[in-house]
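Visitor: The file below is input01.csv, CSV, C-alpha atoms and all ligand atoms:
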chain,number,residue,atom,x,y,z
A,1,MET,CA,18.2,9.7,-2.2
A,2,TYR,CA,16.0,6.6,-2.3
A,3,VAL,CA,16.6,3.8,0.1
A,4,ARG,CA,15.1,0.3,0.1
A,5,LEU,CA,15.6,-2.3,2.8
A,6,SER,CA,14.9,-6.1,2.9
A,7,GLY,CA,16.1,-8.8,5.2
A,8,ARG,CA,15.5,-11.4,7.8
A,9,ILE,CA,15.4,-11.2,11.6
A,10,ARG,CA,15.2,-14.1,14.1
A,11,ILE,CA,12.9,-13.4,17.0
A,12,ASN,CA,12.4,-15.7,19.9
A,13,ALA,CA,9.6,-15.5,22.5
A,14,ALA,CA,7.9,-12.5,20.9
A,15,SER,CA,4.3,-11.3,21.4
A,16,LEU,CA,4.9,-8.3,19.2
A,17,ASN,CA,1.4,-8.0,17.9
A,18,ALA,CA,-1.6,-9.1,20.0
A,19,GLN,CA,-5.2,-9.0,18.6
A,20,GLY,CA,-7.4,-8.9,21.7
A,21,THR,CA,-8.5,-11.5,24.1
A,22,VAL,CA,-10.6,-14.7,24.0
A,23,GLY,CA,-11.6,-15.3,27.6
A,24,ASN,CA,-8.4,-14.9,29.6
A,25,LEU,CA,-6.2,-15.6,26.6
A,26,LEU,CA,-4.3,-12.8,24.8
A,27,GLU,CA,-4.0,-14.1,21.3
A,28,ILE,CA,-1.0,-13.2,19.0
A,29,THR,CA,-1.7,-11.8,15.6
A,30,LYS,CA,-2.0,-14.6,13.0
A,31,LEU,CA,-2.8,-14.7,9.4
A,32,ARG,CA,-2.5,-17.1,6.5
A,33,ILE,CA,0.1,-16.8,3.8
A,34,LEU,CA,0.6,-18.7,0.6
A,35,VAL,CA,3.7,-20.9,0.6
A,36,LYS,CA,4.9,-22.9,-2.4
A,37,ARG,CA,5.4,-26.6,-1.7
A,38,ASP,CA,6.5,-28.7,-4.7
A,39,GLU,CA,4.2,-27.6,-7.5
A,40,SER,CA,1.3,-26.1,-5.5
A,41,TYR,CA,0.6,-23.2,-3.2
A,42,GLU,CA,-0.6,-23.9,0.4
A,43,PRO,CA,-2.2,-21.5,2.8
A,44,VAL,CA,-0.3,-21.7,6.1
A,45,GLU,CA,-1.2,-20.0,9.3
A,46,VAL,CA,1.7,-18.0,10.8
A,47,SER,CA,2.3,-15.3,13.4
A,48,ALA,CA,2.9,-11.9,11.9
A,49,VAL,CA,3.7,-8.3,12.9
A,50,SER,CA,1.7,-5.7,11.0
A,51,GLY,CA,3.3,-3.0,8.9
A,52,ASN,CA,1.2,-0.6,11.1
A,53,THR,CA,3.2,-1.7,14.1
A,54,MET,CA,6.5,-1.3,12.3
A,55,LYS,CA,5.5,2.1,11.1
A,56,HIS,CA,4.5,3.2,14.6
A,57,TRP,CA,7.9,2.1,16.0
A,58,HIS,CA,9.8,3.9,13.3
A,59,PHE,CA,7.8,7.0,14.1
A,60,VAL,CA,8.7,6.7,17.8
A,61,HIS,CA,12.4,6.3,17.1
A,62,PHE,CA,12.4,9.0,14.4
A,63,ILE,CA,11.1,11.6,17.0
A,64,ASP,CA,13.9,10.5,19.4
A,65,GLN,CA,16.6,10.8,16.7
A,66,TYR,CA,15.3,14.1,15.4
A,67,LEU,CA,15.4,15.7,18.9
A,68,GLN,CA,18.8,14.2,19.6
A,69,ASN,CA,20.1,15.7,16.3
A,70,GLY,CA,18.9,19.2,17.4
A,71,GLY,CA,15.5,19.2,15.6
A,72,ASN,CA,12.9,21.7,16.7
A,73,ASP,CA,10.0,21.4,14.3
A,74,LEU,CA,7.4,19.0,15.8
A,75,CYS,CA,3.8,19.6,16.6
A,76,ASP,CA,2.6,19.0,20.1
A,77,ASP,CA,1.1,15.6,19.3
A,78,CYS,CA,4.3,14.2,17.7
A,79,LYS,CA,6.4,15.7,20.4
A,80,ARG,CA,4.5,13.4,22.8
A,81,GLY,CA,4.9,10.4,20.5
A,82,VAL,CA,1.2,10.5,19.7
A,83,ALA,CA,0.7,9.9,16.0
A,84,PHE,CA,-2.5,11.8,15.3
A,85,ARG,CA,-1.0,13.4,12.1
A,86,THR,CA,-2.6,15.8,12.2
A,87,ARG,CA,-4.8,18.1,14.4
A,88,PHE,CA,-3.3,21.4,13.5
A,89,LYS,CA,-5.2,23.3,10.9
A,90,LYS,CA,-2.8,25.1,8.6
A,91,GLY,CA,-4.9,25.8,5.6
A,92,ASN,CA,-4.9,23.9,2.3
A,93,ASP,CA,-1.2,23.9,1.4
A,94,GLU,CA,0.7,20.8,2.2
A,95,ALA,CA,3.8,22.9,2.7
A,96,ASN,CA,2.5,24.6,5.9
A,97,TYR,CA,2.2,21.2,7.6
A,98,ILE,CA,5.5,19.7,6.7
A,99,LYS,CA,7.4,22.9,7.5
A,100,GLU,CA,6.0,22.9,11.0
A,101,CYS,CA,6.3,19.2,11.8
A,102,ALA,CA,9.1,16.9,10.7
A,103,ALA,CA,7.0,13.8,11.5
A,104,GLU,CA,4.1,15.0,9.3
A,105,ASP,CA,6.8,15.5,6.6
A,106,VAL,CA,8.4,12.0,6.9
A,107,HIS,CA,5.4,9.9,8.1
A,108,GLY,CA,2.6,11.7,6.1
A,109,PHE,CA,-0.7,13.0,7.4
A,110,LEU,CA,-4.3,13.6,6.7
A,111,MET,CA,-6.1,16.8,7.7
A,112,PRO,CA,-9.8,15.9,7.0
A,113,ASP,CA,-11.1,19.4,7.7
A,114,THR,CA,-9.2,21.0,4.9
A,115,GLN,CA,-8.8,17.7,2.9
A,116,VAL,CA,-5.0,18.1,2.7
A,117,ARG,CA,-3.0,14.9,2.8
A,118,ARG,CA,0.6,13.7,2.3
A,119,GLU,CA,1.6,10.1,1.8
A,120,SER,CA,4.2,8.6,4.1
A,121,LEU,CA,7.8,8.8,2.7
A,122,VAL,CA,8.6,5.6,4.8
A,123,LYS,CA,6.7,2.4,4.1
A,124,PHE,CA,6.6,-0.9,5.9
A,125,SER,CA,5.6,-4.4,5.1
A,126,PHE,CA,4.4,-7.0,7.6
A,127,LEU,CA,7.0,-9.1,9.3
A,128,LEU,CA,6.3,-12.6,7.9
A,129,PRO,CA,7.9,-16.0,8.7
A,130,VAL,CA,10.2,-17.0,5.9
A,131,GLU,CA,8.9,-19.5,3.3
A,132,GLU,CA,11.4,-22.3,3.7
A,133,LEU,CA,10.5,-23.0,7.3
A,134,PHE,CA,7.9,-25.8,7.8
A,135,GLU,CA,7.1,-25.2,11.4
A,136,HIS,CA,6.0,-21.9,13.0
A,137,PRO,CA,5.9,-22.4,16.8
A,138,ILE,CA,3.4,-20.4,18.8
A,139,ASP,CA,3.2,-21.3,22.5
A,140,THR,CA,0.8,-20.2,25.3
A,141,ILE,CA,2.3,-19.2,28.7
A,142,THR,CA,0.3,-18.7,31.9
A,143,HIS,CA,0.9,-15.5,33.9
A,144,ASN,CA,-0.5,-14.4,37.2
A,145,ARG,CA,-1.4,-11.0,38.6
A,146,VAL,CA,-1.8,-10.8,42.4
A,147,ILE,CA,-3.4,-8.0,44.4
A,148,ILE,CA,-2.7,-8.0,48.2
A,149,ASP,CA,-4.3,-6.1,51.1
A,150,GLU,CA,-2.5,-4.1,53.7
A,151,GLY,CA,-1.7,-7.2,55.7
A,152,GLY,CA,-0.2,-8.9,52.7
A,153,LYS,CA,-3.1,-11.2,52.2
A,154,ILE,CA,-4.4,-12.0,48.7
A,155,GLU,CA,-7.9,-10.4,48.4
A,156,GLY,CA,-10.0,-13.5,47.8
A,157,GLN,CA,-10.5,-14.9,44.3
A,158,ALA,CA,-10.6,-11.4,42.7
A,159,GLY,CA,-7.1,-10.7,44.1
A,160,MET,CA,-5.6,-13.3,41.8
A,161,MET,CA,-5.9,-13.1,38.1
A,162,ILE,CA,-4.6,-15.9,35.9
A,163,PHE,CA,-4.2,-15.0,32.3
A,164,LYS,CA,-2.5,-16.6,29.3
A,165,ARG,CA,-0.5,-15.0,26.6
A,166,GLN,CA,0.8,-16.4,23.3
A,167,TYR,CA,4.4,-16.1,22.1
A,168,ALA,CA,6.0,-16.9,18.8
A,169,SER,CA,9.5,-17.8,17.7
A,170,ASP,CA,10.4,-17.5,14.0
A,171,ILE,CA,12.6,-16.0,11.3
A,172,TYR,CA,10.7,-13.1,9.9
A,173,GLY,CA,11.3,-11.4,6.5
A,174,PHE,CA,10.6,-7.8,5.8
A,175,SER,CA,10.7,-5.0,3.2
A,176,PHE,CA,10.8,-1.3,4.0
A,177,LEU,CA,11.5,1.9,2.0
A,178,ALA,CA,12.4,5.5,2.7
A,179,ASP,CA,12.0,8.1,-0.1
A,180,LEU,CA,14.4,10.6,1.5
A,181,ALA,CA,14.6,12.7,-1.7
A,182,ASP,CA,11.0,13.9,-1.1
A,183,ILE,CA,11.7,15.2,2.4
A,184,GLY,CA,10.8,18.9,2.5
A,185,LEU,CA,9.1,18.9,-0.9
A,186,ARG,CA,5.4,19.0,-1.7
A,187,LEU,CA,4.3,15.7,-3.1
A,188,TYR,CA,1.2,16.8,-4.9
A,189,SER,CA,2.4,20.0,-6.5
A,190,ALA,CA,4.4,20.7,-9.7
A,191,ASP,CA,6.4,23.1,-7.5
A,192,LYS,CA,9.3,21.0,-6.3
A,193,ARG,CA,11.3,23.7,-4.6
A,194,PRO,CA,12.4,22.7,-1.1
A,195,ILE,CA,10.2,24.3,1.6
A,196,TYR,CA,12.9,24.9,4.1
A,197,ASP,CA,16.7,24.9,4.3
A,198,SER,CA,19.1,22.1,3.3
A,199,ASP,CA,20.5,21.5,6.9
A,200,GLU,CA,17.0,20.8,8.1
A,201,ARG,CA,16.2,18.4,5.2
A,202,LYS,CA,19.5,16.6,5.9
A,203,ARG,CA,18.6,16.4,9.7
A,204,ARG,CA,15.2,14.8,8.9
A,205,ALA,CA,16.7,12.4,6.4
A,206,LYS,CA,19.4,11.3,8.8
A,207,SER,CA,16.9,10.8,11.6
A,208,ALA,CA,14.7,8.7,9.3
A,209,ILE,CA,17.7,6.4,8.7
A,210,LEU,CA,19.0,6.3,12.3
A,211,ALA,CA,15.4,5.3,13.5
A,212,PHE,CA,15.9,1.9,11.8
A,213,ILE,CA,18.7,1.0,14.2
A,214,PRO,CA,16.8,0.9,17.5
A,215,MET,CA,13.9,-0.7,15.7
A,216,LEU,CA,16.1,-3.5,14.3
A,217,SER,CA,17.8,-3.9,17.7
A,218,GLY,CA,14.5,-5.1,19.1
A,219,LEU,CA,12.7,-2.0,20.3
A,220,LEU,CA,9.5,-2.7,18.5
A,221,GLY,CA,6.1,-4.2,19.0
A,222,ALA,CA,3.7,-4.6,21.9
A,223,ASN,CA,4.2,-6.0,25.3
A,224,ILE,CA,7.9,-5.2,25.4
A,225,SER,CA,8.0,-4.3,29.1
A,226,ARG,CA,7.5,-8.0,29.9
A,227,SER,CA,8.8,-9.7,26.8
A,228,LEU,CA,11.5,-7.7,25.0
A,229,PRO,CA,12.0,-9.8,21.9
A,230,ALA,CA,15.1,-12.0,21.8
A,231,LEU,CA,16.0,-10.8,18.4
A,232,GLN,CA,18.9,-10.8,16.0
A,233,VAL,CA,19.2,-9.5,12.4
A,234,GLU,CA,20.3,-12.5,10.4
A,235,GLU,CA,20.4,-10.8,6.9
A,236,LEU,CA,20.1,-7.3,5.7
A,237,LEU,CA,20.1,-5.9,2.2
A,238,VAL,CA,19.9,-2.1,1.6
A,239,ALA,CA,19.8,-0.6,-1.9
A,240,TYR,CA,20.1,3.1,-2.5
A,241,SER,CA,20.3,5.5,-5.4
A,242,ARG,CA,19.9,9.1,-6.2
A,243,ASP,CA,17.2,8.1,-8.7
A,244,PRO,CA,13.9,6.5,-7.6
A,245,LEU,CA,14.2,2.7,-7.2
A,246,PRO,CA,11.7,-0.2,-7.4
A,247,LEU,CA,11.2,-2.2,-4.2
A,248,THR,CA,13.6,-4.8,-2.9
A,249,THR,CA,12.0,-8.2,-2.7
A,250,HIS,CA,10.5,-9.1,0.7
A,251,GLY,CA,12.8,-11.2,2.9
A,252,PHE,CA,9.9,-13.8,3.1
A,253,PHE,CA,11.1,-15.2,-0.2
A,254,LYS,CA,14.1,-17.5,-0.1
A,255,ASN,CA,15.4,-16.0,-3.4
A,256,TYR,CA,14.9,-12.4,-2.3
A,257,VAL,CA,18.5,-11.4,-2.9
A,258,GLU,CA,18.6,-12.7,-6.5
A,259,GLU,CA,15.2,-11.3,-7.2
A,260,THR,CA,16.3,-7.9,-5.9
A,261,MET,CA,19.4,-8.0,-8.0
A,262,HIS,CA,17.4,-8.8,-11.1
A,263,THR,CA,14.8,-6.1,-10.4
A,264,ILE,CA,17.2,-3.3,-9.5
A,265,GLY,CA,19.8,-4.3,-12.0
A,266,GLY,CA,17.2,-4.6,-14.8
A,267,TYR,CA,15.5,-1.4,-13.9
A,268,CYS,CA,18.8,0.6,-13.7
A,269,LYS,CA,19.8,-0.8,-17.1
A,270,LEU,CA,16.6,0.5,-18.6
A,271,ILE,CA,16.7,4.0,-17.2
A,272,LYS,CA,20.5,4.2,-17.4
A,273,SER,CA,20.9,4.7,-13.7
A,274,LYS,CA,23.1,3.3,-11.0
A,275,ALA,CA,22.4,1.9,-7.5
A,276,LYS,CA,24.4,0.6,-4.6
A,277,ILE,CA,23.6,-2.5,-2.7
A,278,LEU,CA,24.9,-3.1,0.8
A,279,ILE,CA,24.6,-6.6,2.2
A,280,TYR,CA,25.1,-8.4,5.5
A,281,GLY,CA,24.6,-12.1,6.2
A,282,ALA,CA,23.5,-13.2,2.7
A,283,LYS,CA,25.5,-14.1,-0.3
A,284,ILE,CA,25.2,-13.0,-3.9
A,285,SER,CA,26.6,-15.4,-6.6
A,286,GLU,CA,29.7,-14.3,-8.6
A,287,GLU,CA,27.7,-14.6,-11.9
A,288,LEU,CA,25.0,-12.3,-10.6
A,289,ILE,CA,27.6,-9.7,-9.5
A,290,LYS,CA,29.2,-9.9,-12.9
A,291,GLU,CA,25.8,-9.6,-14.7
A,292,CYS,CA,24.9,-6.4,-12.9
A,293,LYS,CA,28.3,-4.9,-12.5
A,294,GLU,CA,27.6,-1.9,-14.8
A,295,GLU,CA,24.5,-0.9,-12.8
A,296,ILE,CA,25.0,-2.1,-9.2
A,297,ASP,CA,27.9,-1.5,-7.0
A,298,ILE,CA,27.9,-4.2,-4.3
A,299,GLU,CA,29.5,-4.1,-0.9
A,300,SER,CA,29.4,-6.8,1.8
A,301,TYR,CA,29.5,-6.0,5.5
A,302,LEU,CA,30.5,-7.9,8.6
A,303,THR,CA,27.9,-6.2,10.7
A,304,TRP,CA,24.4,-4.9,9.8
A,305,GLN,CA,25.0,-1.7,11.9
A,306,GLU,CA,27.8,-0.6,9.6
A,307,ILE,CA,25.4,-0.5,6.7
A,308,PHE,CA,23.5,2.3,8.4
A,309,LYS,CA,26.7,4.1,9.0
A,310,GLU,CA,27.4,4.1,5.3
A,311,ILE,CA,23.9,5.3,4.5
A,312,VAL,CA,24.1,8.2,7.0
A,313,GLU,CA,27.5,9.2,5.5
A,314,GLU,CA,25.9,9.2,2.1
A,315,VAL,CA,23.0,11.4,3.4
A,316,ASP,CA,25.8,13.9,4.4
A,317,LYS,CA,27.4,13.8,0.9
A,318,VAL,CA,24.1,14.3,-1.1
A,319,GLU,CA,23.2,17.9,-2.1
A,320,TRP,CA,20.0,18.8,-0.3
B,401,ZN,ZN,3.3,16.3,14.1
If you took the structure in this file and wrote it as structure tokens, what would it be?
Ligand SMILES: [Zn+2]
Guide:
Amino acid sequence: MYVRLSGRIRINAASLNAQGTVGNLLEITKLRILVKRDESYEPVEVSAVSGNTMKHWHFVHFIDQYLQNGGNDLCDDCKRGVAFRTRFKKGNDEANYIKECAAEDVHGFLMPDTQVRRESLVKFSFLLPVEELFEHPIDTITHNRVIIDEGGKIEGQAGMMIFKRQYASDIYGFSFLADLADIGLRLYSADKRPIYDSDERKRRAKSAILAFIPMLSGLLGANISRSLPALQVEELLVAYSRDPLPLTTHGFFKNYVEETMHTIGGYCKLIKSKAKILIYGAKISEELIKECKEEIDIESYLTWQEIFKEIVEEVDKVEW
């Protein structure tokens, strides 16, 4: 089963990615992206959350879900939520590593001593502000840390530390993927027999999907103990198929739903395959639905959480 996810989330007062300090200012991660205005493309500076951050948080939630679902196969690092991936030396067969650690299996690893590697089965784009917004607010807020002595007195100038931190509010698009079908299989070998039993493959696949729920509920990014993001999923599109699928278009683009329909519909037509698209918060035109009706089965949902319920049920139905 191959799963692709795109969508848009609204985040207020977020400092999800910081990139070090300038003096006493903690700067938010910013980069320039190309936005189309009329007939030209303009570089615009925006706040962003890196794919690295998104991958890290999926990893954290994956470990939680896997343990909650009765999983036992994790290396000591992953059990602690530390994503070394990997320090255990298990020879030069990829199979030894993925059998012993579910996180090495799903999130990939590199063992430089034996030169064995595995690509991640889950992949994450940056969160980028959507293209049709003209303003991307970033504000700086002053915080204070105070140290007091035993009598309750602030210890001179050093006892008071003023620092500033930047916060952004925006609608961010994203695109993620999860190649669940490769769980428990060697990636770089012609031998594609599963390395362990089907119940364990199913458990890992289910945990990989469930991990998206806490992530999209707002448990992601840096500095969350003092600024949990005020976040809401505005739109979600999930495509899945038993055959490999191209990527769904990044939610940054205003036509990402139409583009995704054309890409997946066109691709499935060529390889004579079928896909299902589950959608929340966004609309698909009747013409497009008709155009792709042989290849894509579309279902609209009233909540984004129900989409994950359907995917998890599908994971149960698939033969592993
Ligand atoms: Zn591990």
Visitor: Give me, as a PDB file with C-alpha atoms, in the frame of the given file, the set of residues whose atoms come within 12 Å of any atom of ligand ZN 401 (chain B), counting all atoms listed in the file.
Guide:
ATOM      1  CA  PHE A  59       7.800   7.000  14.100  1.00  0.00           C
ATOM      2  CA  VAL A  60       8.700   6.700  17.800  1.00  0.00           C
ATOM      3  CA  PHE A  62      12.400   9.000  14.400  1.00  0.00           C
ATOM      4  CA  ILE A  63      11.100  11.600  17.000  1.00  0.00           C
ATOM      5  CA  ASN A  72      12.900  21.700  16.700  1.00  0.00           C
ATOM      6  CA  ASP A  73      10.000  21.400  14.300  1.00  0.00           C
ATOM      7  CA  LEU A  74       7.400  19.000  15.800  1.00  0.00           C
ATOM      8  CA  CYS A  75       3.800  19.600  16.600  1.00  0.00           C
ATOM      9  CA  ASP A  76       2.600  19.000  20.100  1.00  0.00           C
ATOM     10  CA  ASP A  77       1.100  15.600  19.300  1.00  0.00           C
ATOM     11  CA  CYS A  78       4.300  14.200  17.700  1.00  0.00           C
ATOM     12  CA  LYS A  79       6.400  15.700  20.400  1.00  0.00           C
ATOM     13  CA  ARG A  80       4.500  13.400  22.800  1.00  0.00           C
ATOM     14  CA  GLY A  81       4.900  10.400  20.500  1.00  0.00           C
ATOM     15  CA  VAL A  82       1.200  10.500  19.700  1.00  0.00           C
ATOM     16  CA  ALA A  83       0.700   9.900  16.000  1.00  0.00           C
ATOM     17  CA  PHE A  84      -2.500  11.800  15.300  1.00  0.00           C
ATOM     18  CA  ARG A  85      -1.000  13.400  12.100  1.00  0.00           C
ATOM     19  CA  THR A  86      -2.600  15.800  12.200  1.00  0.00           C
ATOM     20  CA  ARG A  87      -4.800  18.100  14.400  1.00  0.00           C
ATOM     21  CA  PHE A  88      -3.300  21.400  13.500  1.00  0.00           C
ATOM     22  CA  LYS A  89      -5.200  23.300  10.900  1.00  0.00           C
ATOM     23  CA  ASN A  96       2.500  24.600   5.900  1.00  0.00           C
ATOM     24  CA  TYR A  97       2.200  21.200   7.600  1.00  0.00           C
ATOM     25  CA  ILE A  98       5.500  19.700   6.700  1.00  0.00           C
ATOM     26  CA  LYS A  99       7.400  22.900   7.500  1.00  0.00           C
ATOM     27  CA  GLU A 100       6.000  22.900  11.000  1.00  0.00           C
ATOM     28  CA  CYS A 101       6.300  19.200  11.800  1.00  0.00           C
ATOM     29  CA  ALA A 102       9.100  16.900  10.700  1.00  0.00           C
ATOM     30  CA  ALA A 103       7.000  13.800  11.500  1.00  0.00           C
ATOM     31  CA  GLU A 104       4.100  15.000   9.300  1.00  0.00           C
ATOM     32  CA  ASP A 105       6.800  15.500   6.600  1.00  0.00           C
ATOM     33  CA  VAL A 106       8.400  12.000   6.900  1.00  0.00           C
ATOM     34  CA  HIS A 107       5.400   9.900   8.100  1.00  0.00           C
ATOM     35  CA  GLY A 108       2.600  11.700   6.100  1.00  0.00           C
ATOM     36  CA  PHE A 109      -0.700  13.000   7.400  1.00  0.00           C
ATOM     37  CA  LEU A 110      -4.300  13.600   6.700  1.00  0.00           C
ATOM     38  CA  MET A 111      -6.100  16.800   7.700  1.00  0.00           C
TER      39      MET A 111
END
Visitor: So, counting all atoms listed in the file, which residue among A:Glu319, A:Leu185, A:Gly281, A:Leu121 is closest to A:Trp304?
Guide: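 Of A:Glu319, A:Leu185, A:Gly281, A:Leu121, the one nearest A:Trp304, counting all atoms listed in the file, is A:Gly281.
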Visitor: Select, from A:Asp182, A:Asp170, A:Ile162, A:Ile195, the residue with the minimum atom-to-atom distance to A:Asn144, counting all atoms listed in the file.
Guide: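 With all atoms listed in the file as the atom set, the closest residue is A:Ile162.
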Visitor: Atom CA of A:Gly173 and atom CA of A:Glu258, how far apart in Å?
Guide: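 Pair atom CA of A:Glu258 / atom CA of A:Gly173 returns 15.0 Å.
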Visitor: Please determine, counting all atoms listed in the file, which residue among A:Met54, A:Leu237, A:Ala18, A:Phe252 has the shortest atom-to-atom distance to A:Gly218.
Guide: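 Once distances to A:Gly218 are computed over all atoms listed in the file, the minimum belongs to A:Met54.
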Visitor: List every residue of stretch 86-187 of chain A that has an atom at most 9 Å from any atom of stretch 197-202 of chain A, and for each one report the closest atom pair and its distance in Å to one decimal, counting only C-alpha atoms, with rows sorted by chain and then by increasing residue number, as a tab-separated table.
Guide:
residue	atom	partner	partner_atom	distance
A:Leu180	CA	A:Arg201	CA	8.8
A:Ile183	CA	A:Arg201	CA	6.2
A:Gly184	CA	A:Arg201	CA	6.1
Visitor: Counting only C-alpha atoms, which residue out of A:Ser40, A:Ser189, A:Asn69, A:Gln305 sits closest to A:Ser207?
Guide: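 Selected residue with least distance to A:Ser207: A:Asn69.
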Visitor: What is the distance, in Å and to one decimal place, between atom CA of A:Val257 and atom CA of A:Leu177?
Guide: 15.8 Å
Visitor: So, counting all atoms listed in the file, which residue among A:Gln115, A:Glu235, A:Phe253, A:Lys290 is closest to A:Ile307?
Guide: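 Comparing A:Gln115, A:Glu235, A:Phe253, A:Lys290 against A:Ile307, the winner is A:Glu235.
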Visitor: Please supply stretch 207-220 of chain A, rebuilt with N, CA and C atoms, as a CSV table (one decimal), in the frame of the given file.
Guide:
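Resulting contents of part_37.csv:
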chain,number,residue,atom,x,y,z
A,207,SER,N,17.7,11.4,10.5
A,207,SER,CA,16.9,10.8,11.6
A,207,SER,C,16.0,9.7,11.1
A,208,ALA,N,15.5,9.8,9.9
A,208,ALA,CA,14.7,8.7,9.3
A,208,ALA,C,15.5,7.4,9.2
A,209,ILE,N,16.8,7.6,8.8
A,209,ILE,CA,17.7,6.4,8.7
A,209,ILE,C,18.1,5.8,10.0
A,210,LEU,N,18.5,6.7,10.9
A,210,LEU,CA,19.0,6.3,12.3
A,210,LEU,C,17.8,5.6,13.0
A,211,ALA,N,16.6,5.9,12.7
A,211,ALA,CA,15.4,5.3,13.5
A,211,ALA,C,15.4,3.8,13.2
A,212,PHE,N,15.9,3.3,12.1
A,212,PHE,CA,15.9,1.9,11.8
A,212,PHE,C,16.8,1.1,12.8
A,213,ILE,N,17.8,1.7,13.4
A,213,ILE,CA,18.7,1.0,14.2
A,213,ILE,C,18.1,0.5,15.5
A,214,PRO,N,17.5,1.4,16.3
A,214,PRO,CA,16.8,0.9,17.5
A,214,PRO,C,15.7,-0.1,17.2
A,215,MET,N,15.0,0.2,16.1
A,215,MET,CA,13.9,-0.7,15.7
A,215,MET,C,14.5,-2.1,15.4
A,216,LEU,N,15.5,-2.2,14.6
A,216,LEU,CA,16.1,-3.5,14.3
A,216,LEU,C,16.9,-4.2,15.5
A,217,SER,N,17.2,-3.3,16.5
A,217,SER,CA,17.8,-3.9,17.7
A,217,SER,C,16.8,-4.6,18.6
A,218,GLY,N,15.5,-4.4,18.3
A,218,GLY,CA,14.5,-5.1,19.1
A,218,GLY,C,13.5,-4.2,19.8
A,219,LEU,N,13.7,-2.9,19.7
A,219,LEU,CA,12.7,-2.0,20.3
A,219,LEU,C,11.5,-1.8,19.4
A,220,LEU,N,10.7,-2.7,19.4
A,220,LEU,CA,9.5,-2.7,18.5
A,220,LEU,C,8.4,-3.6,19.0
